[in-house]
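Visitor: This one is input.cif, mmCIF, C-alpha atoms.
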data_work
#
loop_
_atom_site.label_atom_id
_atom_site.label_comp_id
_atom_site.auth_asym_id
_atom_site.auth_seq_id
_atom_site.Cartn_x
_atom_site.Cartn_y
_atom_site.Cartn_z
CA MET A 1 -20.51 -15.71 -0.90
CA SER A 2 -17.91 -15.46 -3.60
CA VAL A 3 -14.41 -16.73 -4.09
CA TRP A 4 -11.38 -14.46 -3.86
CA GLU A 5 -8.07 -15.65 -5.19
CA VAL A 6 -5.21 -14.71 -2.90
CA PHE A 7 -1.75 -13.84 -4.14
CA ARG A 8 1.06 -13.27 -1.69
CA ARG A 9 4.51 -11.73 -1.76
CA GLU A 10 6.82 -13.62 0.53
CA ARG A 11 9.59 -11.05 0.70
CA LYS A 12 10.08 -7.55 -0.56
CA GLY A 13 11.19 -7.58 -4.18
CA GLN A 14 9.80 -11.02 -4.95
CA PRO A 15 6.94 -11.60 -7.37
CA LEU A 16 3.45 -12.26 -6.13
CA GLU A 17 2.51 -15.91 -6.23
CA HIS A 18 -0.84 -17.58 -6.04
CA ALA A 19 -1.36 -18.72 -2.45
CA GLY A 20 -4.88 -20.10 -2.49
CA SER A 21 -8.33 -18.69 -2.10
CA VAL A 22 -10.92 -17.63 0.45
CA GLU A 23 -14.67 -17.74 0.14
CA ALA A 24 -16.21 -14.63 1.64
CA PRO A 25 -19.38 -12.53 1.52
CA ASP A 26 -17.55 -9.28 0.69
CA ALA A 27 -14.13 -7.67 0.32
CA ASN A 28 -13.78 -6.90 4.02
CA PHE A 29 -14.39 -10.46 5.08
CA ALA A 30 -12.09 -11.66 2.32
CA GLU A 31 -9.35 -9.38 3.63
CA ALA A 32 -9.80 -10.41 7.26
CA TRP A 33 -9.77 -14.08 6.45
CA ALA A 34 -6.89 -13.84 4.00
CA ARG A 35 -4.84 -11.96 6.59
CA GLU A 36 -5.33 -14.78 9.07
CA GLN A 37 -4.71 -17.58 6.61
CA TYR A 38 -1.85 -16.17 4.61
CA GLY A 39 -0.23 -13.52 6.76
CA ARG A 40 -0.46 -14.08 10.46
CA ARG A 41 2.87 -15.83 10.85
CA GLY A 42 4.82 -13.26 8.93
CA GLU A 43 4.85 -15.44 5.81
CA SER A 44 3.75 -12.58 3.55
CA VAL A 45 4.68 -8.93 3.19
CA ALA A 46 1.81 -8.20 0.81
CA LEU A 47 -1.40 -9.83 -0.34
CA TRP A 48 -3.52 -9.26 -3.41
CA LEU A 49 -7.12 -10.31 -3.37
CA VAL A 50 -8.82 -10.79 -6.70
CA PRO A 51 -12.45 -11.76 -7.18
CA ARG A 52 -12.44 -15.02 -9.13
CA ASP A 53 -15.10 -13.55 -11.43
CA ALA A 54 -12.61 -10.90 -12.50
CA ILE A 55 -10.17 -13.47 -13.77
CA ARG A 56 -10.17 -14.45 -17.43
CA ASP A 57 -9.39 -18.09 -17.55
CA VAL A 58 -7.35 -19.32 -20.52
CA GLU A 59 -6.70 -23.02 -20.75
CA ASP A 60 -7.47 -24.35 -24.23
CA TRP A 61 -4.51 -24.66 -26.52
CA ALA A 62 -5.02 -25.92 -30.07
CA ASP A 63 -2.14 -28.07 -31.24
CA GLU A 64 -3.63 -29.59 -34.38
CA PHE A 65 -0.35 -29.66 -36.29
CA ASP A 66 1.83 -31.07 -33.51
CA LEU A 67 4.00 -28.00 -33.12
CA LYS A 68 6.13 -29.44 -30.37
CA TYR A 69 9.29 -28.83 -32.36
CA ARG A 70 8.81 -25.20 -31.37
CA ARG A 71 9.54 -26.14 -27.81
CA VAL A 72 12.94 -26.98 -26.45
CA ASP A 73 11.68 -30.18 -24.87
CA GLY A 74 9.96 -31.24 -28.12
CA TYR A 75 13.19 -31.63 -30.00
CA SER A 76 15.49 -34.42 -28.90
CA ILE A 77 19.10 -34.05 -29.93
CA LYS A 78 20.45 -36.84 -27.76
CA ALA A 79 20.55 -39.52 -30.49
CA ARG A 80 22.00 -37.13 -33.06
CA LEU A 81 24.62 -35.92 -30.64
CA LYS A 82 25.68 -39.52 -30.03
CA GLU A 83 26.02 -40.20 -33.75
CA ALA A 84 27.98 -37.02 -34.26
CA ARG A 85 30.39 -37.92 -31.47
CA GLU A 86 30.96 -41.39 -32.97
CA ARG A 87 31.72 -39.86 -36.34
CA ALA A 88 34.15 -37.47 -34.73
CA GLY A 89 35.73 -40.29 -32.70
CA THR A 90 35.35 -38.59 -29.37
CA ALA A 91 33.71 -40.16 -26.36
CA GLY A 92 30.80 -38.32 -24.92
CA PRO A 93 29.82 -38.11 -21.28
CA GLY A 94 28.03 -41.44 -21.57
CA MET E 1 -2.58 1.55 36.85
CA ASN E 2 -2.82 -0.68 39.87
CA GLU E 3 -1.92 -4.33 39.91
CA GLN E 4 -5.48 -5.57 40.42
CA ALA E 5 -6.67 -3.75 37.32
CA LEU E 6 -3.81 -5.23 35.27
CA LEU E 7 -4.63 -8.65 36.61
CA GLY E 8 -8.25 -8.07 35.61
CA LEU E 9 -7.14 -7.22 32.07
CA ALA E 10 -4.91 -10.30 31.84
CA ASP E 11 -7.61 -12.59 33.23
CA ASP E 12 -10.16 -11.17 30.79
CA GLU E 13 -7.84 -11.91 27.88
CA LEU E 14 -6.98 -15.41 29.12
CA VAL E 15 -10.55 -16.46 29.80
CA LEU E 16 -11.98 -14.93 26.64
CA GLY E 17 -9.16 -16.59 24.69
CA TRP E 18 -10.28 -19.88 26.18
CA ARG E 19 -13.93 -19.27 25.47
CA ASP E 20 -13.33 -18.20 21.88
CA SER E 21 -11.04 -21.16 21.26
CA GLU E 22 -14.02 -23.40 21.96
CA TRP E 23 -15.02 -22.60 18.37
CA THR E 24 -11.89 -24.14 16.91
CA GLY E 25 -12.96 -26.80 14.45
CA ILE E 26 -16.68 -26.04 14.71
CA ALA E 27 -17.09 -22.41 13.58
CA PRO E 28 -19.81 -21.83 10.97
CA LEU E 29 -17.31 -21.28 8.14
CA LEU E 30 -13.88 -22.73 7.64
CA GLU E 31 -12.25 -19.36 6.98
CA GLU E 32 -13.83 -17.92 10.09
CA ASP E 33 -12.69 -20.92 12.08
CA VAL E 34 -9.08 -20.11 11.24
CA ALA E 35 -9.52 -16.39 11.92
CA PHE E 36 -11.42 -16.86 15.16
CA SER E 37 -8.92 -19.37 16.50
CA SER E 38 -6.09 -17.02 15.64
CA ILE E 39 -7.75 -14.16 17.51
CA ALA E 40 -8.35 -16.40 20.51
CA GLN E 41 -4.67 -17.32 20.50
CA ASN E 42 -3.68 -13.64 20.30
CA GLU E 43 -5.78 -12.87 23.37
CA ILE E 44 -4.00 -15.58 25.33
CA GLY E 45 -0.71 -14.09 24.12
CA HIS E 46 -1.78 -10.70 25.50
CA ALA E 47 -2.65 -12.33 28.82
CA ARG E 48 0.78 -13.90 28.92
CA ALA E 49 2.47 -10.55 28.26
CA VAL E 50 0.55 -8.84 31.06
CA TYR E 51 1.15 -11.71 33.52
CA SER E 52 4.84 -11.40 32.68
CA LEU E 53 4.74 -7.75 33.74
CA LEU E 54 3.25 -8.77 37.07
CA SER E 55 5.29 -11.86 37.84
CA ASP E 56 8.43 -13.79 36.93
CA ASP E 57 6.27 -16.88 36.56
CA PRO E 58 3.36 -16.04 34.24
CA ASP E 59 2.25 -19.69 34.08
CA ALA E 60 1.79 -19.80 37.83
CA LEU E 61 -0.26 -16.62 37.71
CA ALA E 62 -2.36 -17.96 34.86
CA PHE E 63 -3.02 -21.45 36.17
CA ASP E 64 -2.09 -21.87 39.84
CA ARG E 65 -4.58 -19.52 41.45
CA ALA E 66 -7.76 -20.57 43.19
CA LEU E 67 -10.98 -19.87 41.37
CA GLU E 68 -11.90 -16.95 43.64
CA GLU E 69 -8.62 -15.20 42.94
CA TYR E 70 -9.35 -14.65 39.25
CA ARG E 71 -10.22 -11.05 38.46
CA CYS E 72 -11.95 -11.53 35.10
CA ALA E 73 -15.25 -9.85 34.26
CA PRO E 74 -18.36 -12.06 34.15
CA LEU E 75 -18.77 -11.18 30.44
CA VAL E 76 -15.82 -13.35 29.40
CA GLU E 77 -16.81 -16.28 31.62
CA LEU E 78 -20.12 -17.01 29.93
CA HIS E 79 -20.26 -20.22 27.97
CA VAL E 80 -22.03 -19.04 24.84
CA LEU E 81 -21.51 -21.53 22.06
CA GLU E 82 -24.00 -19.76 19.83
CA TRP E 83 -22.76 -17.53 17.03
CA ALA E 84 -24.96 -14.44 17.60
CA HIS E 85 -23.97 -14.33 21.28
CA THR E 86 -20.36 -15.08 20.51
CA ILE E 87 -20.10 -12.22 18.03
CA ALA E 88 -22.11 -9.91 20.30
CA ARG E 89 -19.64 -10.61 23.10
CA ARG E 90 -16.62 -10.27 20.84
CA TRP E 91 -17.84 -6.91 19.55
CA LEU E 92 -18.85 -5.53 22.98
CA TYR E 93 -15.59 -6.73 24.47
CA GLU E 94 -13.49 -5.15 21.71
CA VAL E 95 -15.23 -1.79 22.08
CA ALA E 96 -14.75 -1.86 25.87
CA ASP E 97 -11.19 -3.14 25.56
CA GLU E 98 -10.23 -0.35 23.16
CA ILE E 99 -11.37 2.23 25.73
CA ARG E 100 -9.38 0.49 28.44
CA ILE E 101 -6.23 0.03 26.34
CA THR E 102 -6.35 3.66 25.20
CA THR E 103 -6.14 4.84 28.82
CA LEU E 104 -3.38 2.31 29.53
CA LYS E 105 -1.28 3.74 26.71
CA ASP E 106 -1.00 6.92 28.82
CA ASP E 107 -0.06 5.04 31.98
CA SER E 108 2.65 6.63 34.13
CA ASP E 109 4.58 3.34 34.14
CA PRO E 110 6.43 3.18 30.80
CA ALA E 111 6.44 -0.64 30.84
CA VAL E 112 2.66 -0.67 31.09
CA ALA E 113 2.20 2.07 28.51
CA GLY E 114 4.60 0.33 26.11
CA LEU E 115 2.87 -3.01 26.42
CA ALA E 116 -0.53 -1.37 25.98
CA ALA E 117 0.65 0.19 22.72
CA LYS E 118 1.95 -3.17 21.53
CA ILE E 119 -1.30 -4.94 22.41
CA ASP E 120 -3.27 -2.17 20.75
CA ARG E 121 -1.51 -2.71 17.42
CA GLU E 122 -2.69 -6.30 17.36
CA GLU E 123 -6.13 -5.48 18.73
CA ALA E 124 -6.62 -3.25 15.69
CA TYR E 125 -7.18 -6.41 13.64
CA HIS E 126 -9.50 -7.85 16.24
CA ARG E 127 -11.54 -4.65 16.12
CA MET E 128 -11.63 -4.78 12.35
CA HIS E 129 -12.91 -8.36 12.55
CA ALA E 130 -15.50 -7.57 15.25
CA GLU E 131 -16.70 -4.45 13.46
CA MET E 132 -17.08 -6.32 10.19
CA TRP E 133 -19.28 -8.94 11.84
CA HIS E 134 -21.20 -6.26 13.71
CA GLU E 135 -21.93 -4.47 10.44
CA ARG E 136 -23.19 -7.70 8.96
CA LEU E 137 -25.38 -8.84 11.85
CA ARG E 138 -26.50 -5.56 13.44
CA ASP E 139 -30.02 -5.67 12.01
CA GLU E 140 -30.62 -9.32 12.78
CA PRO E 141 -33.09 -9.69 15.67
CA ARG E 142 -31.11 -12.59 17.12
CA PHE E 143 -27.96 -10.49 17.23
CA GLU E 144 -29.74 -7.45 18.67
CA ALA E 145 -31.22 -9.62 21.42
CA ALA E 146 -27.79 -11.05 22.21
CA VAL E 147 -26.25 -7.56 22.46
CA GLU E 148 -29.03 -6.45 24.83
CA GLU E 149 -28.62 -9.53 26.95
CA LEU E 150 -24.86 -9.08 27.26
CA TRP E 151 -24.93 -5.31 27.69
CA PRO E 152 -24.95 -5.26 31.55
CA TYR E 153 -22.01 -7.66 31.43
CA ALA E 154 -20.12 -5.47 28.94
CA LEU E 155 -20.44 -2.45 31.25
CA GLY E 156 -18.81 -4.54 33.98
CA VAL E 157 -15.61 -4.89 31.92
CA LEU E 158 -14.77 -1.23 32.56
CA PRO E 159 -14.41 0.75 35.77
CA PRO E 160 -17.32 3.20 36.32
CA GLU E 161 -15.37 6.24 35.11
CA LEU E 162 -14.86 4.73 31.65
CA ARG E 163 -18.40 3.47 31.11
CA GLY E 164 -19.75 6.72 29.69
CA GLU E 165 -17.68 6.28 26.57
CA LEU E 166 -18.84 2.70 26.14
CA VAL E 167 -22.46 3.87 26.45
CA SER E 168 -21.99 6.45 23.71
CA ARG E 169 -20.07 4.09 21.42
CA VAL E 170 -22.51 1.19 21.73
CA GLY E 171 -25.60 3.42 21.74
CA LEU E 172 -27.55 1.64 24.46
CA ALA E 173 -28.84 3.22 27.67
CA GLU E 174 -26.69 2.73 30.77
CA VAL E 175 -28.06 0.02 33.01
CA GLU E 176 -26.79 -1.56 36.20
CA ALA E 177 -23.51 -3.30 35.40
CA ILE E 178 -22.73 -6.89 36.26
CA GLU E 179 -19.58 -6.14 38.15
CA ARG E 180 -16.19 -7.74 38.23
CA GLY E 181 -15.37 -9.40 41.55
CA THR E 182 -18.04 -12.06 41.66
CA HIS E 183 -18.01 -15.00 39.30
CA THR E 184 -20.72 -16.63 37.27
CA GLU E 185 -21.33 -20.32 37.77
CA GLU E 186 -19.84 -20.90 34.35
CA LEU E 187 -16.29 -20.09 35.40
CA ALA E 188 -15.88 -23.17 37.64
CA PRO E 189 -16.02 -25.81 34.87
CA LEU E 190 -13.72 -23.67 32.74
CA TRP E 191 -11.26 -23.28 35.62
CA GLU E 192 -11.31 -27.05 36.14
CA GLU E 193 -10.36 -27.65 32.53
CA MET E 194 -7.93 -24.77 32.24
CA THR E 195 -5.90 -25.73 35.30
CA LEU E 196 -6.24 -29.50 35.00
CA VAL E 197 -2.84 -30.22 33.49
CA ARG E 198 -0.99 -27.97 35.92
CA ARG E 199 -2.80 -29.47 38.89
CA SER E 200 -2.20 -33.04 37.80
CA ALA E 201 1.50 -32.61 37.07
CA PRO E 202 3.92 -33.94 39.69
CA ALA E 203 5.75 -31.31 41.70
CA GLY E 204 8.78 -29.96 39.92
CA ALA E 205 7.66 -31.16 36.46
CA GLN E 206 9.47 -29.42 33.65
CA TRP E 207 7.70 -28.70 30.38
#
If you convert what's in this file into structure tokens, what do you get?

Guide:
Amino acid sequence: MSVWEVFRRERKGQPLEHAGSVEAPDANFAEAWAREQYGRRGESVALWLVPRDAIRDVEDWADEFDLKYRRVDGYSIKARLKEARERAGTAGPG
Amino acid sequence: MNEQALLGLADDELVLGWRDSEWTGIAPLLEEDVAFSSIAQNEIGHARAVYSLLSDDPDALAFDRALEEYRCAPLVELHVLEWAHTIARRWLYEVADEIRITTLKDDSDPAVAGLAAKIDREEAYHRMHAEMWHERLRDEPRFEAAVEELWPYALGVLPPELRGELVSRVGLAEVEAIERGTHTEELAPLWEEMTLVRRSAPAGAQW
């Protein structure tokens, strides 16, 4: 038995999204079971089945130098905006 | 196709749907549980469609008849809560049913032919499922024994003129069929359960 990751397309033109997985002895069983679990109520127009072994998993991210300023959410401008508004004498949205 | 034969088809689908749904929640694998239950539900849907061709009240046809009036083949009545037998029956039934549905698609009545084509499109997945399991289990002695045991029953699903094709597709010698028209003892408890709610409802109950 091996695990197959199932991706489904909900409607034509939409991207495939991860739906879940099935554990199956071969590709045919994986297809049959994925069809029933992810397609029998018309909730998908396409399925992709990918053996989990074929997936390269990337999840370690080094952040030794605290590079969060590179991200939008890592850089708060709220306090500075408030100061700037006070200097300019205009009331902000609160 | 005559009405009795259509009723036989509908009763086969209803009763096999019931039998297969007995696996819901207890199938050997979770994924198979979902798939098997879905197939069982489809079969009951096919029964409903055929009953609707025969009557304005498909529920009455499905559940209000006396036990003796059911036209199902003994194959579908058997209570076989054992996986090798269950898959052997599923596979034999699907092969026989494909032969039957193929002839129905050429029926002179366009309503019958149209419905047969519609059922056939869904049965394609059932056949894929049955064939996949057959491929996997075909060399297992337990499965082979189950197929042999059920073989006379499988022949009884089809009328005599269609059995030759079943013989060549399954690859077993033709034996005396266990014919439709008499019931096994195993139908009575199923009938009791299947019709219980309808029988216990007060007259005129609306659902």

Visitor: So which one's closest to Gly42 in chain A, A:Arg8, A:Glu59, A:Lys82, A:Ile77? Using all atoms listed in the file, please.

Guide: A:Arg8

Visitor: Would you kindly translate the PyMOL selection byres ((chain E) within 10 of (chain A)) into the concrete residues it picks from this file, as a ChimeraX atom specification?

Guide: /E:29-39,125-126,128-129,132-133,136

Visitor: Would you mind reading off the distance between CA of Glu179 in chain E and CA of Leu155 in chain E, one decimal, in Å?

Guide: 7.9 Å

Visitor: Run the PyMOL selection byres ((chain E and resi 21) around 8) mentally over the shown coordinates, then write out the matched residues as number ranges by chain, using the chain letters and numbers from the document.

Guide: E: 17-20, 22-24, 36-37, 40-41

Visitor: List as an NGL selection string the protein and nucleic acid residues near Ala154 in chain E, meaning an atom at most 12 Å away when all atoms listed in the file are counted, but skip any in the same chain fewer than 5 places from it.

Guide: :E and (12 or 72-78 or 88-97 or 146-149 or 159-160 or 162-163 or 166-167 or 170 or 172 or 174-180)

Visitor: Kindly indicate which residue among A:Ala27, A:Tyr69, A:Ala46, A:Asp63 lies nearest to Phe7 in chain A, using all atoms listed in the file for the distances.

Guide: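 The closest residue to Phe7 in chain A is A:Ala46.
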
Visitor: I'd like the neighbourhood of Thr102 in chain E as a ChimeraX atom specification, where a residue qualifies if any of its atoms comes within 9 Å (using all atoms listed in the file), though same-chain residues fewer than 3 positions away should be ignored.

Guide: /E:97-99,105-106,116-117,120

Visitor: Could you please take those selected residues and save C-alpha atoms as an mmCIF file, in the frame of the given file?

Guide:
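What follows is the written file result38.cif:
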data_model
loop_
_atom_site.group_PDB
_atom_site.id
_atom_site.type_symbol
_atom_site.label_atom_id
_atom_site.label_comp_id
_atom_site.auth_asym_id
_atom_site.auth_seq_id
_atom_site.Cartn_x
_atom_site.Cartn_y
_atom_site.Cartn_z
ATOM 1 C CA ASP E 97 -11.190 -3.140 25.560
ATOM 2 C CA GLU E 98 -10.230 -0.350 23.160
ATOM 3 C CA ILE E 99 -11.370 2.230 25.730
ATOM 4 C CA LYS E 105 -1.280 3.740 26.710
ATOM 5 C CA ASP E 106 -1.000 6.920 28.820
ATOM 6 C CA ALA E 116 -0.530 -1.370 25.980
ATOM 7 C CA ALA E 117 0.650 0.190 22.720
ATOM 8 C CA ASP E 120 -3.270 -2.170 20.750
#

Visitor: Can you pull out every residue within 12 Å of range 57-60 of chain E, counting all atoms listed in the file, but drop anything in the same chain fewer than 5 positions away, and send it as a list in words?

Guide: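 After dropping sequence-adjacent residues, the list is Leu7, Ala10, Asp11, Leu14, Ile44, Gly45, His46, Ala47, Arg48, Ala49, Val50, Tyr51, Ser52, Arg65, Ala66, Met194, Thr195, Val197, Arg198, Arg199 and Trp207 of chain E.
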
Visitor: Given the file above and the PyMOL selection byres ((chain E and resi 68) around 9), which residues are selected, and can you give them as a PyMOL selection string?

Guide: chain E and resi 65-67+69-71+181-183

Visitor: Restricted to C-alpha atoms, what would the selected residues look like written as an mmCIF file, in the frame of the given file?

Guide:
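That gives us again_38.cif:
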data_model
loop_
_atom_site.group_PDB
_atom_site.id
_atom_site.type_symbol
_atom_site.label_atom_id
_atom_site.label_comp_id
_atom_site.auth_asym_id
_atom_site.auth_seq_id
_atom_site.Cartn_x
_atom_site.Cartn_y
_atom_site.Cartn_z
ATOM 1 C CA ARG E 65 -4.580 -19.520 41.450
ATOM 2 C CA ALA E 66 -7.760 -20.570 43.190
ATOM 3 C CA LEU E 67 -10.980 -19.870 41.370
ATOM 4 C CA GLU E 69 -8.620 -15.200 42.940
ATOM 5 C CA TYR E 70 -9.350 -14.650 39.250
ATOM 6 C CA ARG E 71 -10.220 -11.050 38.460
ATOM 7 C CA GLY E 181 -15.370 -9.400 41.550
ATOM 8 C CA THR E 182 -18.040 -12.060 41.660
ATOM 9 C CA HIS E 183 -18.010 -15.000 39.300
#

Visitor: Quick one: everything within 8 Å of Ala84 in chain E, counting only C-alpha atoms, minus sequence neighbours fewer than 2 positions away in the same chain. Send it as number ranges by chain.

Guide: E: 82, 86-88, 142-143, 146

Visitor: Residues within 9 Å of Val6 in chain A, please, as a count of residues only. Count only C-alpha atoms; anything in the same chain fewer than 6 positions from it doesn't count.

Guide: 13

Visitor: Tell me, in Å to one decimal, how far CA of Val80 in chain E is from CA of Pro152 in chain E.

Guide: 15.6 Å

Visitor: Could you tell me how far CA of Trp4 in chain A lies from CA of Ile55 in chain A, in Å and to one decimal?

Guide: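 Separation between CA of Trp4 in chain A and CA of Ile55 in chain A: 10.0 Å.
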
Visitor: Kindly compute an axis-aligned box around the listed atoms of range 115-119 of chain E, allowing 4 Å on each side, and express its centre and edge lengths in Å to one decimal as JSON.

Guide:
{"center_x": 0.8, "center_y": -2.4, "center_z": 24.0, "size_x": 12.2, "size_y": 13.1, "size_z": 12.9}

Visitor: Can you complete the atoms of range 47-67 of chain E to N, CA and C atoms and list them as a PDB file, keeping the file's coordinate frame?

Guide:
ATOM      1  N   ALA E  47      -2.597 -11.977  27.396  1.00  0.00           N
ATOM      2  CA  ALA E  47      -2.650 -12.330  28.820  1.00  0.00           C
ATOM      3  C   ALA E  47      -1.251 -12.677  29.318  1.00  0.00           C
ATOM      4  N   ARG E  48      -0.568 -13.479  28.527  1.00  0.00           N
ATOM      5  CA  ARG E  48       0.780 -13.900  28.920  1.00  0.00           C
ATOM      6  C   ARG E  48       1.706 -12.693  29.116  1.00  0.00           C
ATOM      7  N   ALA E  49       1.612 -11.731  28.184  1.00  0.00           N
ATOM      8  CA  ALA E  49       2.470 -10.550  28.260  1.00  0.00           C
ATOM      9  C   ALA E  49       2.174  -9.737  29.530  1.00  0.00           C
ATOM     10  N   VAL E  50       0.898  -9.622  29.865  1.00  0.00           N
ATOM     11  CA  VAL E  50       0.550  -8.840  31.060  1.00  0.00           C
ATOM     12  C   VAL E  50       0.940  -9.602  32.336  1.00  0.00           C
ATOM     13  N   TYR E  51       0.708 -10.916  32.361  1.00  0.00           N
ATOM     14  CA  TYR E  51       1.150 -11.710  33.520  1.00  0.00           C
ATOM     15  C   TYR E  51       2.655 -11.578  33.706  1.00  0.00           C
ATOM     16  N   SER E  52       3.384 -11.513  32.599  1.00  0.00           N
ATOM     17  CA  SER E  52       4.840 -11.400  32.680  1.00  0.00           C
ATOM     18  C   SER E  52       5.281 -10.065  33.283  1.00  0.00           C
ATOM     19  N   LEU E  53       4.438  -9.042  33.105  1.00  0.00           N
ATOM     20  CA  LEU E  53       4.740  -7.750  33.740  1.00  0.00           C
ATOM     21  C   LEU E  53       4.567  -7.854  35.253  1.00  0.00           C
ATOM     22  N   LEU E  54       3.633  -8.697  35.654  1.00  0.00           N
ATOM     23  CA  LEU E  54       3.250  -8.770  37.070  1.00  0.00           C
ATOM     24  C   LEU E  54       4.052  -9.795  37.845  1.00  0.00           C
ATOM     25  N   SER E  55       4.650 -10.749  37.125  1.00  0.00           N
ATOM     26  CA  SER E  55       5.290 -11.860  37.840  1.00  0.00           C
ATOM     27  C   SER E  55       6.405 -12.461  36.986  1.00  0.00           C
ATOM     28  N   ASP E  56       7.373 -13.089  37.657  1.00  0.00           N
ATOM     29  CA  ASP E  56       8.430 -13.790  36.930  1.00  0.00           C
ATOM     30  C   ASP E  56       7.942 -15.147  36.439  1.00  0.00           C
ATOM     31  N   ASP E  57       6.804 -15.574  36.940  1.00  0.00           N
ATOM     32  CA  ASP E  57       6.270 -16.880  36.560  1.00  0.00           C
ATOM     33  C   ASP E  57       4.829 -16.715  36.038  1.00  0.00           C
ATOM     34  N   PRO E  58       4.708 -16.298  34.788  1.00  0.00           N
ATOM     35  CA  PRO E  58       3.360 -16.040  34.240  1.00  0.00           C
ATOM     36  C   PRO E  58       2.462 -17.275  34.232  1.00  0.00           C
ATOM     37  N   ASP E  59       3.060 -18.470  34.068  1.00  0.00           N
ATOM     38  CA  ASP E  59       2.250 -19.690  34.080  1.00  0.00           C
ATOM     39  C   ASP E  59       1.574 -19.883  35.436  1.00  0.00           C
ATOM     40  N   ALA E  60       2.343 -19.629  36.490  1.00  0.00           N
ATOM     41  CA  ALA E  60       1.790 -19.800  37.830  1.00  0.00           C
ATOM     42  C   ALA E  60       0.622 -18.827  38.040  1.00  0.00           C
ATOM     43  N   LEU E  61       0.810 -17.611  37.564  1.00  0.00           N
ATOM     44  CA  LEU E  61      -0.260 -16.620  37.710  1.00  0.00           C
ATOM     45  C   LEU E  61      -1.490 -17.032  36.894  1.00  0.00           C
ATOM     46  N   ALA E  62      -1.237 -17.580  35.719  1.00  0.00           N
ATOM     47  CA  ALA E  62      -2.360 -17.960  34.860  1.00  0.00           C
ATOM     48  C   ALA E  62      -3.107 -19.171  35.397  1.00  0.00           C
ATOM     49  N   PHE E  63      -2.377 -20.151  35.913  1.00  0.00           N
ATOM     50  CA  PHE E  63      -3.020 -21.450  36.170  1.00  0.00           C
ATOM     51  C   PHE E  63      -2.976 -21.959  37.611  1.00  0.00           C
ATOM     52  N   ASP E  64      -2.222 -21.316  38.481  1.00  0.00           N
ATOM     53  CA  ASP E  64      -2.090 -21.870  39.840  1.00  0.00           C
ATOM     54  C   ASP E  64      -2.936 -21.149  40.890  1.00  0.00           C
ATOM     55  N   ARG E  65      -3.759 -20.224  40.457  1.00  0.00           N
ATOM     56  CA  ARG E  65      -4.580 -19.520  41.450  1.00  0.00           C
ATOM     57  C   ARG E  65      -5.893 -20.268  41.704  1.00  0.00           C
ATOM     58  N   ALA E  66      -6.431 -20.013  42.884  1.00  0.00           N
ATOM     59  CA  ALA E  66      -7.760 -20.570  43.190  1.00  0.00           C
ATOM     60  C   ALA E  66      -8.793 -19.800  42.372  1.00  0.00           C
ATOM     61  N   LEU E  67      -9.907 -20.440  42.169  1.00  0.00           N
ATOM     62  CA  LEU E  67     -10.980 -19.870  41.370  1.00  0.00           C
ATOM     63  C   LEU E  67     -11.345 -18.443  41.811  1.00  0.00           C
TER      64      LEU E  67
END
